[in-house]
Each structure stands twice: as C-alpha cells, then as structure tokens.
$ cat protein.tsv   # TSV, C-alpha atoms
chain	number	residue	atom	x	y	z
P	6	MET	CA	0.00	0.00	0.00
P	7	LYS	CA	1.22	3.50	-0.82
P	8	ASP	CA	2.48	5.52	2.11
P	9	VAL	CA	-0.19	8.17	2.61
P	10	VAL	CA	-1.64	10.34	5.34
P	11	PHE	CA	-5.39	11.03	5.29
P	12	VAL	CA	-5.81	14.64	6.33
P	13	THR	CA	-9.22	15.27	7.87
P	14	GLY	CA	-10.62	16.84	11.00
P	15	ASN	CA	-13.05	13.94	11.40
P	16	GLN	CA	-11.60	10.89	13.17
P	17	LYS	CA	-14.72	8.81	12.42
P	18	LYS	CA	-14.33	9.55	8.71
P	19	ALA	CA	-10.75	8.33	8.87
P	20	GLU	CA	-11.78	5.13	10.69
P	21	TYR	CA	-14.59	4.50	8.20
P	22	LEU	CA	-12.21	4.97	5.26
P	23	ALA	CA	-9.68	2.56	6.78
P	24	ASN	CA	-12.43	-0.01	7.29
P	25	LEU	CA	-13.68	0.33	3.70
P	26	ILE	CA	-10.25	0.13	2.06
P	27	GLY	CA	-9.31	-2.82	4.26
P	28	HIS	CA	-6.08	-1.29	5.60
P	29	PRO	CA	-5.19	0.99	8.46
P	30	ILE	CA	-4.50	4.48	7.16
P	31	GLU	CA	-2.63	7.13	9.08
P	32	HIS	CA	-4.83	10.08	9.96
P	33	VAL	CA	-3.72	13.60	10.81
P	34	ASN	CA	-5.96	16.44	11.89
P	35	VAL	CA	-4.43	19.53	10.28
P	36	ASP	CA	-6.22	22.85	10.11
P	37	LEU	CA	-6.73	23.58	6.41
P	38	LYS	CA	-8.21	26.80	5.08
P	39	GLU	CA	-10.95	26.05	2.57
P	40	ILE	CA	-11.23	28.35	-0.38
P	41	GLN	CA	-14.68	29.57	-1.30
P	42	SER	CA	-15.46	28.02	-4.65
P	43	LEU	CA	-18.37	26.07	-6.07
P	44	ASP	CA	-15.90	23.91	-8.01
P	45	LEU	CA	-15.42	20.84	-5.83
P	46	LYS	CA	-12.23	19.73	-7.54
P	47	GLU	CA	-10.74	23.21	-7.08
P	48	VAL	CA	-11.51	23.06	-3.35
P	49	VAL	CA	-9.87	19.62	-3.07
P	50	ASN	CA	-6.85	20.77	-5.09
P	51	HIS	CA	-6.30	23.69	-2.73
P	52	LYS	CA	-6.62	21.40	0.31
P	53	LEU	CA	-4.15	18.93	-1.24
P	54	TYR	CA	-1.34	21.44	-1.58
P	55	GLN	CA	-1.93	22.89	1.89
P	56	ALA	CA	-1.99	19.42	3.44
P	57	TYR	CA	1.18	18.36	1.65
P	58	THR	CA	2.99	21.52	2.75
P	59	LYS	CA	2.00	20.95	6.39
P	60	VAL	CA	2.58	17.17	6.52
P	61	ASN	CA	5.44	16.96	3.99
P	62	ARG	CA	4.41	13.43	3.00
P	63	PRO	CA	1.98	12.00	0.44
P	64	VAL	CA	-1.53	13.07	1.42
P	65	LEU	CA	-5.13	12.14	0.75
P	66	VAL	CA	-7.92	14.67	1.27
P	67	GLU	CA	-11.58	14.73	0.36
P	68	ASP	CA	-14.52	17.05	0.21
P	69	VAL	CA	-18.20	16.77	-0.65
P	70	SER	CA	-20.88	18.93	-2.15
P	71	LEU	CA	-24.66	18.76	-2.31
P	72	GLU	CA	-26.06	20.64	-5.29
P	73	PHE	CA	-29.74	21.53	-5.54
P	74	THR	CA	-30.69	21.53	-9.23
P	75	ALA	CA	-33.08	24.47	-8.73
P	76	LEU	CA	-30.24	26.54	-7.24
P	77	GLY	CA	-27.54	25.76	-9.79
P	78	ARG	CA	-24.50	24.48	-7.93
P	79	LEU	CA	-25.65	25.80	-4.54
P	80	PRO	CA	-25.29	24.96	-1.75
P	81	GLY	CA	-22.58	22.75	-3.29
P	82	THR	CA	-19.25	22.93	-1.50
P	83	LEU	CA	-20.78	25.41	0.95
P	84	ILE	CA	-23.24	22.79	2.27
P	85	LYS	CA	-21.60	22.67	5.70
P	86	TRP	CA	-22.15	26.41	6.16
P	87	PHE	CA	-25.70	26.35	4.75
P	88	LEU	CA	-26.51	23.53	7.19
P	89	GLU	CA	-24.98	25.38	10.15
P	90	GLU	CA	-26.79	28.60	9.32
P	91	LEU	CA	-30.17	27.28	8.16
P	92	SER	CA	-30.45	23.84	9.84
P	93	ALA	CA	-31.64	20.74	8.01
P	94	GLU	CA	-35.22	22.06	8.00
P	95	GLY	CA	-34.01	25.33	6.49
P	96	LEU	CA	-32.30	23.42	3.68
P	97	CYS	CA	-35.62	21.76	2.88
P	98	ARG	CA	-37.41	25.13	2.95
P	99	LEU	CA	-35.01	26.53	0.34
P	100	LEU	CA	-36.72	24.34	-2.24
P	101	ASP	CA	-40.35	25.06	-1.36
P	102	GLY	CA	-42.17	25.53	-4.66
P	103	LYS	CA	-39.08	24.45	-6.61
P	104	GLU	CA	-37.74	21.28	-8.16
P	105	ARG	CA	-36.27	19.11	-5.39
P	106	THR	CA	-33.68	17.12	-7.36
P	107	ALA	CA	-30.11	17.16	-6.12
P	108	ILE	CA	-26.68	15.66	-6.74
P	109	ALA	CA	-24.34	14.53	-3.98
P	110	ARG	CA	-20.70	14.63	-5.06
P	111	CYS	CA	-17.39	13.64	-3.52
P	112	VAL	CA	-13.82	14.13	-4.68
P	113	PHE	CA	-10.78	12.53	-3.08
P	114	GLY	CA	-7.39	13.92	-3.99
P	115	TYR	CA	-3.93	12.41	-3.62
P	116	TYR	CA	-0.67	14.33	-3.87
P	117	ASP	CA	2.87	13.06	-3.27
P	118	GLY	CA	4.83	16.19	-4.13
P	119	HIS	CA	4.97	15.32	-7.82
P	120	THR	CA	1.72	13.75	-8.93
P	121	GLU	CA	-1.83	14.65	-8.11
P	122	THR	CA	-4.64	12.19	-8.69
P	123	TYR	CA	-8.37	12.69	-8.23
P	124	PHE	CA	-11.20	10.25	-7.65
P	125	GLU	CA	-14.76	11.43	-8.19
P	126	GLY	CA	-18.10	9.94	-7.23
P	127	SER	CA	-21.68	11.16	-7.32
P	128	MET	CA	-25.27	10.14	-6.78
P	129	ASN	CA	-28.51	11.69	-7.92
P	130	GLY	CA	-31.41	12.10	-5.54
P	131	THR	CA	-33.97	14.50	-4.16
P	132	ILE	CA	-34.27	16.74	-1.14
P	133	ALA	CA	-36.92	15.67	1.35
P	134	GLU	CA	-39.87	17.90	2.24
P	135	HIS	CA	-38.66	17.70	5.86
P	136	PRO	CA	-35.55	16.20	7.51
P	137	SER	CA	-36.04	12.62	8.60
P	138	GLY	CA	-33.98	9.91	10.27
P	139	GLU	CA	-31.53	9.69	13.14
P	140	LYS	CA	-28.54	8.00	11.49
P	141	GLY	CA	-25.75	9.54	9.50
P	142	TYR	CA	-24.43	13.06	9.82
P	143	GLY	CA	-24.46	16.36	8.01
P	144	TRP	CA	-27.07	16.48	5.28
P	145	ASP	CA	-27.99	12.77	5.41
P	146	SER	CA	-31.37	13.65	6.96
P	147	VAL	CA	-32.44	15.65	3.87
P	148	PHE	CA	-30.95	13.70	0.92
P	149	ILE	CA	-33.06	10.89	-0.57
P	150	PRO	CA	-30.83	8.81	-2.87
P	151	GLU	CA	-32.25	7.88	-6.28
P	152	GLY	CA	-34.02	4.53	-6.05
P	153	TYR	CA	-34.89	4.94	-2.35
P	154	SER	CA	-37.94	6.33	-0.59
P	155	GLY	CA	-36.21	7.56	2.57
P	156	THR	CA	-33.29	9.81	3.41
P	157	ARG	CA	-29.78	8.47	3.92
P	158	ALA	CA	-30.37	8.96	7.66
P	159	GLU	CA	-33.22	6.43	7.47
P	160	LEU	CA	-31.44	3.74	5.47
P	161	SER	CA	-30.47	0.31	6.75
P	162	LYS	CA	-26.77	-0.18	7.38
P	163	GLU	CA	-26.51	-2.15	4.12
P	164	ASP	CA	-28.26	0.52	2.02
P	165	ASP	CA	-26.31	3.27	3.76
P	166	GLN	CA	-23.07	1.61	2.73
P	167	LYS	CA	-24.30	1.04	-0.85
P	168	THR	CA	-25.19	4.71	-1.29
P	169	TYR	CA	-22.05	5.89	0.52
P	170	LEU	CA	-19.93	3.89	-1.92
P	171	ARG	CA	-21.74	5.46	-4.89
P	172	ILE	CA	-21.19	8.98	-3.60
P	173	LYS	CA	-17.64	8.33	-2.40
P	174	PRO	CA	-15.25	6.58	-4.83
P	175	ILE	CA	-13.73	4.36	-2.15
P	176	ASP	CA	-13.05	1.42	-4.53
P	177	ASN	CA	-10.99	3.67	-6.80
P	178	VAL	CA	-9.05	5.09	-3.85
P	179	ARG	CA	-8.37	1.59	-2.49
P	180	ASP	CA	-7.21	0.29	-5.90
P	181	PHE	CA	-4.91	3.29	-6.36
P	182	LEU	CA	-3.39	3.01	-2.88
P	183	ASN	CA	-2.82	-0.73	-3.34
P	184	ALA	CA	-1.20	-0.37	-6.78
P	185	ASP	CA	2.57	-0.47	-6.95

$ encode --input "protein.tsv" --output "structure tokens"
Amino acid sequence: MKDVVFVTGNQKKAEYLANLIGHPIEHVNVDLKEIQSLDLKEVVNHKLYQAYTKVNRPVLVEDVSLEFTALGRLPGTLIKWFLEELSAEGLCRLLDGKERTAIARCVFGYYDGHTETYFEGSMNGTIAEHPSGEKGYGWDSVFIPEGYSGTRAELSKEDDQKTYLRIKPIDNVRDFLNAD
C-alpha cells in the first residue's frame, strides 16, 4: 500500500475509510483553510497542496458537495455552512415551490509532491420535504438517494453503505493506494 496520510478533521471519517479500504490508514488532523469556490475539484486541489505543505508526506484529502438543481451548484461545496446557518429544516425550505432534485458529489485527492490524482463519485437524488432519520451526519437527513424512498439517515446499514460507496469513490481510492 502507498504511504499516505489522510488529512481530515473527522476521526470517524478516517476510521470509516480505513475499514472500507481494508487497511489501516494514518490520519492527521491539520487545520486547512478552505477556499470559497463552487468547483469541488478546485476546493480539493487547494486542500491537497496545503496538506502536503504541512505534513510533507503524500496526502489524501476529500470534500463533498450537495447541489440543488433548482439553485444551480448551490449549496454545493458550501453545504456545511448552509446547514450550520439554516439547519436541516431550512435546507428543505429553500426548495419550497421548486424542483427538489439534487446531486451529492465527492472528490478525493492524492498528492505526493509530484503527482496529483483525483477520484470522483456522485449520486442523484432529491431533497426531502422535511428532515427525517436519526442515522448519519451532516445532510444525510435531507438527501433521498435515487431509487430509495427515505433519506440516507433512514437507510439500513446495508443501504447506507451502498449509497455511501456510490457517492464516495472508495473502490478507486483503495485500488490506487494498493497499486505499486
């Protein structure tokens, strides 16, 4: 497995990633400044170079966005701030009288000082009329994945993992890290 440090402020995310790729992965919590951009890959690229500069070793970072079709690319990469400011219910209210379709996206980025590699995943869905469910975190209580009738926060453990792996390109990350 490639020597890599997963830079994230979320220990549970690091543990979950290690479990899904089938290998322990070193985790470092480094304060990274996020640029304000609706381009998810641009946000990840900026985080990659910051993380590499601070850790001085090959790094893996990731970020997510949740785009409401009716609002263009918003909230997009700013979803964390929209959620903090408006709450999950407020996110649902943003789409009252509008189309409720959405796209959840994730980009992982790897940088070793010479080469940068990106892994992208996404899943279509809709935004619930009201938040529902107790599981998950972040916007899981408002996002209904395509093919499901409930939010990610209401899904069984099996369906949660299926949808998680569609949004997050874990298989591609694992294959890349295991390649020589």

$ residues_around --input "protein.tsv" --residues "stretch 66-80 of chain P" --least-positions-apart "6" --cutoff "8 Å" --atoms "all atoms listed in the file" --output "MDAnalysis selection string"
chainID P and resid 11:13 43 45 48:49 52:53 56 87 100 103:115 132

$ write_last_selection --input "protein.tsv" --atoms "C-alpha atoms" --output "JSON list (two decimals), keeping the file's coordinate frame"
[["chain", "number", "residue", "atom", "x", "y", "z"],
["P", 11, "PHE", "CA", -5.39, 11.03, 5.29],
["P", 12, "VAL", "CA", -5.81, 14.64, 6.33],
["P", 13, "THR", "CA", -9.22, 15.27, 7.87],
["P", 43, "LEU", "CA", -18.37, 26.07, -6.07],
["P", 45, "LEU", "CA", -15.42, 20.84, -5.83],
["P", 48, "VAL", "CA", -11.51, 23.06, -3.35],
["P", 49, "VAL", "CA", -9.87, 19.62, -3.07],
["P", 52, "LYS", "CA", -6.62, 21.40, 0.31],
["P", 53, "LEU", "CA", -4.15, 18.93, -1.24],
["P", 56, "ALA", "CA", -1.99, 19.42, 3.44],
["P", 87, "PHE", "CA", -25.70, 26.35, 4.75],
["P", 100, "LEU", "CA", -36.72, 24.34, -2.24],
["P", 103, "LYS", "CA", -39.08, 24.45, -6.61],
["P", 104, "GLU", "CA", -37.74, 21.28, -8.16],
["P", 105, "ARG", "CA", -36.27, 19.11, -5.39],
["P", 106, "THR", "CA", -33.68, 17.12, -7.36],
["P", 107, "ALA", "CA", -30.11, 17.16, -6.12],
["P", 108, "ILE", "CA", -26.68, 15.66, -6.74],
["P", 109, "ALA", "CA", -24.34, 14.53, -3.98],
["P", 110, "ARG", "CA", -20.70, 14.63, -5.06],
["P", 111, "CYS", "CA", -17.39, 13.64, -3.52],
["P", 112, "VAL", "CA", -13.82, 14.13, -4.68],
["P", 113, "PHE", "CA", -10.78, 12.53, -3.08],
["P", 114, "GLY", "CA", -7.39, 13.92, -3.99],
["P", 115, "TYR", "CA", -3.93, 12.41, -3.62],
["P", 132, "ILE", "CA", -34.27, 16.74, -1.14]]

$ closest_residue --input "protein.tsv" --among "P:Phe181, P:Tyr21, P:Trp144, P:Tyr123" --to "P:Gly95" --atoms "all atoms listed in the file"
P:Trp144

$ closest_residue --input "protein.tsv" --among "P:Ile172, P:Val35, P:Leu25, P:Ile30" --to "P:Asp145" --atoms "only C-alpha atoms"
P:Ile172

$ closest_residue --input "protein.tsv" --among "P:Asp164, P:His51, P:Asp117, P:Gly14" --to "P:Asp36" --atoms "all atoms listed in the file"
P:Gly14

$ closest_residue --input "protein.tsv" --among "P:Glu163, P:Ala93, P:Tyr169, P:Glu121" --to "P:Pro136" --atoms "all atoms listed in the file"
P:Ala93

$ atom_distance --input "protein.tsv" --atom1 "atom CA of P:Leu91" --atom2 "atom CA of P:Asn15"
21.9 Å

$ atom_distance --input "protein.tsv" --atom1 "atom CA of P:Leu170" --atom2 "atom CA of P:Gly81"
19.1 Å

$ atom_distance --input "protein.tsv" --atom1 "atom CA of P:Gly155" --atom2 "atom CA of P:Thr168"
12.0 Å

$ closest_residue --input "protein.tsv" --among "P:Leu22, P:Glu125, P:Arg171, P:Ser137" --to "P:Lys46" --atoms "only C-alpha atoms"
P:Glu125

$ closest_residue --input "protein.tsv" --among "P:His28, P:Arg62, P:Arg98, P:His135" --to "P:Met6" --atoms "only C-alpha atoms"
P:His28

$ decode --input "protein.tsv" --residues "stretch 12-31 of chain P" --atoms "N, CA and C atoms" --output "PDB file, in the first residue's frame"
ATOM      1  N   VAL P  12      -5.688  13.398   5.582  1.00  0.00           N
ATOM      2  CA  VAL P  12      -5.813  14.644   6.334  1.00  0.00           C
ATOM      3  C   VAL P  12      -7.285  15.016   6.409  1.00  0.00           C
ATOM      4  N   THR P  13      -7.826  14.918   7.621  1.00  0.00           N
ATOM      5  CA  THR P  13      -9.221  15.266   7.870  1.00  0.00           C
ATOM      6  C   THR P  13      -9.371  15.638   9.341  1.00  0.00           C
ATOM      7  N   GLY P  14     -10.315  16.478   9.621  1.00  0.00           N
ATOM      8  CA  GLY P  14     -10.616  16.839  10.999  1.00  0.00           C
ATOM      9  C   GLY P  14     -11.585  15.871  11.648  1.00  0.00           C
ATOM     10  N   ASN P  15     -12.027  14.859  10.915  1.00  0.00           N
ATOM     11  CA  ASN P  15     -13.054  13.942  11.397  1.00  0.00           C
ATOM     12  C   ASN P  15     -12.457  12.543  11.596  1.00  0.00           C
ATOM     13  N   GLN P  16     -12.187  12.193  12.844  1.00  0.00           N
ATOM     14  CA  GLN P  16     -11.604  10.887  13.168  1.00  0.00           C
ATOM     15  C   GLN P  16     -12.491   9.734  12.699  1.00  0.00           C
ATOM     16  N   LYS P  17     -13.809   9.884  12.841  1.00  0.00           N
ATOM     17  CA  LYS P  17     -14.721   8.805  12.421  1.00  0.00           C
ATOM     18  C   LYS P  17     -14.639   8.583  10.911  1.00  0.00           C
ATOM     19  N   LYS P  18     -14.483   9.661  10.155  1.00  0.00           N
ATOM     20  CA  LYS P  18     -14.331   9.548   8.707  1.00  0.00           C
ATOM     21  C   LYS P  18     -13.068   8.764   8.368  1.00  0.00           C
ATOM     22  N   ALA P  19     -12.009   9.031   9.095  1.00  0.00           N
ATOM     23  CA  ALA P  19     -10.745   8.326   8.873  1.00  0.00           C
ATOM     24  C   ALA P  19     -10.895   6.840   9.202  1.00  0.00           C
ATOM     25  N   GLU P  20     -11.558   6.524  10.305  1.00  0.00           N
ATOM     26  CA  GLU P  20     -11.776   5.127  10.689  1.00  0.00           C
ATOM     27  C   GLU P  20     -12.647   4.414   9.665  1.00  0.00           C
ATOM     28  N   TYR P  21     -13.681   5.087   9.191  1.00  0.00           N
ATOM     29  CA  TYR P  21     -14.585   4.501   8.205  1.00  0.00           C
ATOM     30  C   TYR P  21     -13.835   4.221   6.902  1.00  0.00           C
ATOM     31  N   LEU P  22     -13.004   5.162   6.474  1.00  0.00           N
ATOM     32  CA  LEU P  22     -12.214   4.970   5.259  1.00  0.00           C
ATOM     33  C   LEU P  22     -11.281   3.765   5.420  1.00  0.00           C
ATOM     34  N   ALA P  23     -10.594   3.682   6.532  1.00  0.00           N
ATOM     35  CA  ALA P  23      -9.684   2.563   6.779  1.00  0.00           C
ATOM     36  C   ALA P  23     -10.435   1.243   6.724  1.00  0.00           C
ATOM     37  N   ASN P  24     -11.610   1.205   7.306  1.00  0.00           N
ATOM     38  CA  ASN P  24     -12.427  -0.007   7.286  1.00  0.00           C
ATOM     39  C   ASN P  24     -12.819  -0.378   5.854  1.00  0.00           C
ATOM     40  N   LEU P  25     -13.225   0.599   5.062  1.00  0.00           N
ATOM     41  CA  LEU P  25     -13.679   0.329   3.696  1.00  0.00           C
ATOM     42  C   LEU P  25     -12.547  -0.043   2.745  1.00  0.00           C
ATOM     43  N   ILE P  26     -11.355   0.503   2.960  1.00  0.00           N
ATOM     44  CA  ILE P  26     -10.250   0.132   2.065  1.00  0.00           C
ATOM     45  C   ILE P  26      -9.537  -1.125   2.544  1.00  0.00           C
ATOM     46  N   GLY P  27      -9.862  -1.566   3.763  1.00  0.00           N
ATOM     47  CA  GLY P  27      -9.314  -2.819   4.262  1.00  0.00           C
ATOM     48  C   GLY P  27      -7.898  -2.721   4.791  1.00  0.00           C
ATOM     49  N   HIS P  28      -7.429  -1.503   5.064  1.00  0.00           N
ATOM     50  CA  HIS P  28      -6.082  -1.289   5.596  1.00  0.00           C
ATOM     51  C   HIS P  28      -6.131  -0.131   6.577  1.00  0.00           C
ATOM     52  N   PRO P  29      -5.317  -0.197   7.622  1.00  0.00           N
ATOM     53  CA  PRO P  29      -5.187   0.993   8.463  1.00  0.00           C
ATOM     54  C   PRO P  29      -4.609   2.125   7.616  1.00  0.00           C
ATOM     55  N   ILE P  30      -5.044   3.323   7.875  1.00  0.00           N
ATOM     56  CA  ILE P  30      -4.505   4.478   7.163  1.00  0.00           C
ATOM     57  C   ILE P  30      -4.202   5.551   8.199  1.00  0.00           C
ATOM     58  N   GLU P  31      -3.007   6.093   8.118  1.00  0.00           N
ATOM     59  CA  GLU P  31      -2.633   7.126   9.080  1.00  0.00           C
ATOM     60  C   GLU P  31      -3.528   8.346   8.878  1.00  0.00           C
TER      61      GLU P  31
END
